[in-house]
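Written out below as structure tokens is the structure these notes cover.
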Amino acid sequence: MQRAGHAQPQLRAVKLFDHPRELPSFTLQQSDQTPLVPGELKGHWTLVFLGFTHCPDVCPTTLAQLAQAQRQWASLPDSTRPRVLFVSVDPERDSPDAIGEYAHAFHRDTLAATADIPALEAFARSLSMVFMKVPAADGAPADQYSVDHSAALAVLDAQGRMAGVIQPPLDPAAIASDLIVLSGASAK
């Protein structure tokens, strides 16, 4: 989307940056075992959410809200339909198969990916997001840890650049409306 000389669209949920920024090179592993590289994020507006499958509240709530938005833009042509990318920041417990099953339980079109911790840290940093493993409580099994992570959504434009953010609380109708506008489709 060219913004130079054009007024930015009126958006309710998405806060666009004045200047989208290129993402550094990255490689994540998708739930179907194929690599997800920057070029694959081109052609569609994409919402990126960091989380993990053992998340007790933020992740399932966010993915359910994003699924509501996805249902609202489902009639858009596949060539322009926005996408949702769930990136697990808990590769110790979240296999590619597990994240695929988890993400698809909310909406079949949700992309899911993960990587090793260094790759995830670099990817999160490129989106101005963070995550951190929180050890299990004293006396609890070691695998009962949690992962604190950013709750905001990164908004990538059709060129795969970091173009904006969506901050909680999330409004699925506003998100869907904004992404329909940004994707160049008519809202009605």
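Scheme for the structure tokens: letters A, B, ... for chains in order shown; per-chain residue numbers from 1; ligand numbers from 1 in order shown.
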
* Quick one: pick out all strand (DSSP E or B) residues within region 38-115 of chain A from a backbone DSSP run and write them as a ChimeraX atom specification. => /A:46-51,83-88,111-114

Please write the residues from the selection above to a file, keeping N, CA and C atoms, as a CSV table (one decimal), in the first residue's frame.
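This went into selection03.csv:
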```csv
chain,number,residue,atom,x,y,z
A,46,THR,N,-1.0,-9.5,7.0
A,46,THR,CA,-0.8,-10.6,7.9
A,46,THR,C,-0.8,-10.1,9.4
A,47,LEU,N,-1.6,-10.7,10.2
A,47,LEU,CA,-1.5,-10.4,11.7
A,47,LEU,C,-0.7,-11.4,12.3
A,48,VAL,N,0.4,-11.0,13.1
A,48,VAL,CA,1.3,-12.0,13.7
A,48,VAL,C,1.0,-11.9,15.2
A,49,PHE,N,0.8,-13.1,15.8
A,49,PHE,CA,0.6,-13.2,17.3
A,49,PHE,C,1.6,-14.2,17.9
A,50,LEU,N,2.3,-13.8,18.9
A,50,LEU,CA,3.2,-14.7,19.6
A,50,LEU,C,2.5,-15.3,20.7
A,51,GLY,N,2.7,-16.6,21.0
A,51,GLY,CA,2.0,-17.2,22.1
A,51,GLY,C,2.5,-18.7,22.3
A,83,ARG,N,-4.3,-12.7,6.5
A,83,ARG,CA,-3.9,-14.0,7.2
A,83,ARG,C,-3.5,-13.7,8.6
A,84,VAL,N,-3.6,-14.8,9.4
A,84,VAL,CA,-3.2,-14.7,10.8
A,84,VAL,C,-2.1,-15.8,10.9
A,85,LEU,N,-1.0,-15.3,11.6
A,85,LEU,CA,0.1,-16.2,11.8
A,85,LEU,C,0.3,-16.3,13.3
A,86,PHE,N,0.2,-17.5,13.9
A,86,PHE,CA,0.4,-17.8,15.3
A,86,PHE,C,1.8,-18.3,15.4
A,87,VAL,N,2.7,-17.7,16.1
A,87,VAL,CA,4.1,-18.1,16.3
A,87,VAL,C,4.3,-18.6,17.7
A,88,SER,N,4.5,-19.9,17.9
A,88,SER,CA,4.8,-20.4,19.3
A,88,SER,C,6.2,-20.0,19.7
A,111,LEU,N,-2.2,-19.7,10.1
A,111,LEU,CA,-0.9,-20.3,9.9
A,111,LEU,C,-0.2,-20.4,11.3
A,112,ALA,N,0.6,-21.4,11.4
A,112,ALA,CA,1.3,-21.7,12.7
A,112,ALA,C,2.7,-22.0,12.4
A,113,ALA,N,3.6,-21.4,13.2
A,113,ALA,CA,5.0,-21.7,13.0
A,113,ALA,C,5.8,-21.6,14.4
A,114,THR,N,7.0,-22.1,14.4
A,114,THR,CA,7.9,-21.9,15.5
A,114,THR,C,9.3,-22.1,15.0
```

* Find the spatial neighbours of region 142-144 of chain A, counting only C-alpha atoms, within a cut-off of 12 Å - ignore same-chain residues fewer than 4 positions away - and output them as a VMD selection string. => chain A and resid 54 to 56 90 92 to 94 133 to 138

* Asked: What does the distance between CA of Tyr102 (chain A) and CA of Ile166 (chain A) come to in Å, to one decimal place?
  ->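 That distance, rounded to one decimal, is 22.1 Å.
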
* To do: Work out how far apart CA of Met132 (chain A) and CA of Val147 (chain A) are and give it in Å to one decimal.
  =>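 About the pair CA of Met132 (chain A) and CA of Val147 (chain A): they are 5.5 Å apart.
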
* **Distance query Ala74 (chain A) at most 12 Å, only C-alpha atoms, self and fewer than 3 positions along chain excluded, as a list in words** => Ala67, Gln68, Ala69, Gln70, Arg71, Pro77, Asp78, Ser79, Thr80, Arg81, Pro82, Arg83, His107, Arg108, Asp109, Thr110, Ala176, Leu179, Ile180 and Ala185 of chain A

* Write out as a list in words each polymer residue whose atoms come within 9 Å of region 30-40 of chain A, counting only C-alpha atoms; drop sequence neighbours fewer than 6 positions from it. => Leu23, Pro24, Val87, Ser95, Pro96, Asp97, Ala98, Ile99, Gly100, Glu101, Leu111, Ala112, Ala113, Thr114, Ala115, Gln159, Gly160 and Arg161 of chain A

Written selection (N, CA, C and O atoms) as a compact mmCIF listing (two decimals), in the first residue's frame:
```txt
# COMPACT_ATOMS: atom_id res chain seq x y z
N LEU A 23 11.53 -6.34 7.46
CA LEU A 23 11.94 -7.29 8.49
C LEU A 23 13.27 -7.92 8.08
O LEU A 23 13.48 -8.21 6.90
N PRO A 24 14.14 -8.15 9.05
CA PRO A 24 15.37 -8.87 8.71
C PRO A 24 15.03 -10.31 8.32
O PRO A 24 13.94 -10.81 8.61
N VAL A 87 2.70 -17.68 16.14
CA VAL A 87 4.08 -18.13 16.30
C VAL A 87 4.28 -18.58 17.74
O VAL A 87 4.20 -17.78 18.67
N SER A 95 5.53 -28.72 19.47
CA SER A 95 6.03 -29.24 18.20
C SER A 95 5.27 -28.58 17.05
O SER A 95 4.17 -28.05 17.26
N PRO A 96 5.80 -28.64 15.84
CA PRO A 96 5.05 -28.09 14.70
C PRO A 96 3.65 -28.72 14.58
O PRO A 96 2.68 -28.01 14.32
N ASP A 97 3.54 -30.03 14.77
CA ASP A 97 2.22 -30.67 14.70
C ASP A 97 1.27 -30.11 15.76
O ASP A 97 0.11 -29.83 15.48
N ALA A 98 1.79 -29.95 16.98
CA ALA A 98 0.95 -29.45 18.08
C ALA A 98 0.47 -28.03 17.82
O ALA A 98 -0.70 -27.71 18.06
N ILE A 99 1.34 -27.17 17.30
CA ILE A 99 0.89 -25.78 17.06
C ILE A 99 -0.10 -25.72 15.91
O ILE A 99 -1.02 -24.90 15.93
N GLY A 100 0.06 -26.60 14.93
CA GLY A 100 -0.90 -26.64 13.83
C GLY A 100 -2.28 -27.05 14.32
O GLY A 100 -3.27 -26.41 14.00
N GLU A 101 -2.32 -28.12 15.10
CA GLU A 101 -3.60 -28.58 15.66
C GLU A 101 -4.23 -27.49 16.52
O GLU A 101 -5.44 -27.24 16.43
N LEU A 111 -2.22 -19.70 10.10
CA LEU A 111 -0.88 -20.26 9.91
C LEU A 111 -0.23 -20.43 11.28
O LEU A 111 -0.48 -19.62 12.18
N ALA A 112 0.60 -21.44 11.42
CA ALA A 112 1.28 -21.68 12.70
C ALA A 112 2.73 -22.02 12.42
O ALA A 112 3.04 -22.75 11.47
N ALA A 113 3.61 -21.44 13.23
CA ALA A 113 5.04 -21.68 13.04
C ALA A 113 5.76 -21.56 14.37
O ALA A 113 5.23 -21.02 15.34
N THR A 114 6.98 -22.07 14.39
CA THR A 114 7.86 -21.95 15.54
C THR A 114 9.30 -22.06 15.03
O THR A 114 9.53 -22.14 13.83
N ALA A 115 10.23 -22.05 15.93
CA ALA A 115 11.65 -22.17 15.59
C ALA A 115 12.40 -22.44 16.89
O ALA A 115 11.79 -22.60 17.95
N GLN A 159 3.63 -6.29 1.44
CA GLN A 159 5.04 -6.43 1.06
C GLN A 159 5.83 -7.17 2.15
O GLN A 159 7.05 -7.27 2.06
N GLY A 160 5.15 -7.63 3.20
CA GLY A 160 5.80 -8.37 4.28
C GLY A 160 6.57 -7.48 5.24
O GLY A 160 7.42 -7.96 5.98
N ARG A 161 6.26 -6.19 5.24
CA ARG A 161 6.93 -5.24 6.13
C ARG A 161 6.10 -5.02 7.39
O ARG A 161 4.88 -5.12 7.36
```

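Rounded to one decimal, CA of Ser75 (chain A) and CA of Phe106 (chain A) lie 17.7 Å from each other.
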
* Among listed residues A:Leu16, A:Leu76, A:Leu28, A:Lys42, nearest Ala124 (chain A) (using only C-alpha atoms) -> A:Leu28

* To do: Rank A:Val89, A:Leu127, A:Val58, A:Leu41 by their smallest atom-to-atom distance to Ala151 (chain A), using only C-alpha atoms, and report the top residue only.
  => A:Val58

* Asked: Just asking: which residues within region 52-102 of chain A are helix (DSSP H, G or I) according to DSSP, as JSON, numbers by chain?
  -> {"A": [58, 59, 60, 61, 62, 63, 64, 65, 66, 67, 68, 69, 70, 71, 72, 96, 97, 98, 99, 100, 101, 102]}

* Can you list, as a VMD selection string, every protein, DNA or RNA residue that comes within 9 Å of Ser177 (chain A) when you count only C-alpha atoms, leaving out same-chain residues fewer than 5 positions away? -> chain A and resid 11 to 13 69 72 to 73 172 182 187

* To do: Would you mind listing what lies within 12 Å of Arg125 (chain A) as a list in words, with only C-alpha atoms counted and same-chain residues fewer than 2 positions away left out?
  =>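 Listed by chain and then number, they are Leu23, Pro24, Phe26, Leu50, Ile117, Pro118, Ala119, Leu120, Glu121, Ala122, Phe123, Leu127, Ser128, Met129, Val130, Phe131, His149, Ser150, Ala154 and Met162 of chain A.
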
* Asked: Out of A:Ala103, A:His44, A:Pro20, A:Gln29, which residue has the shortest atom-to-atom distance to Gly184 (chain A) when counting only C-alpha atoms?
  ->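 With only C-alpha atoms as the atom set, the closest residue is A:His44.
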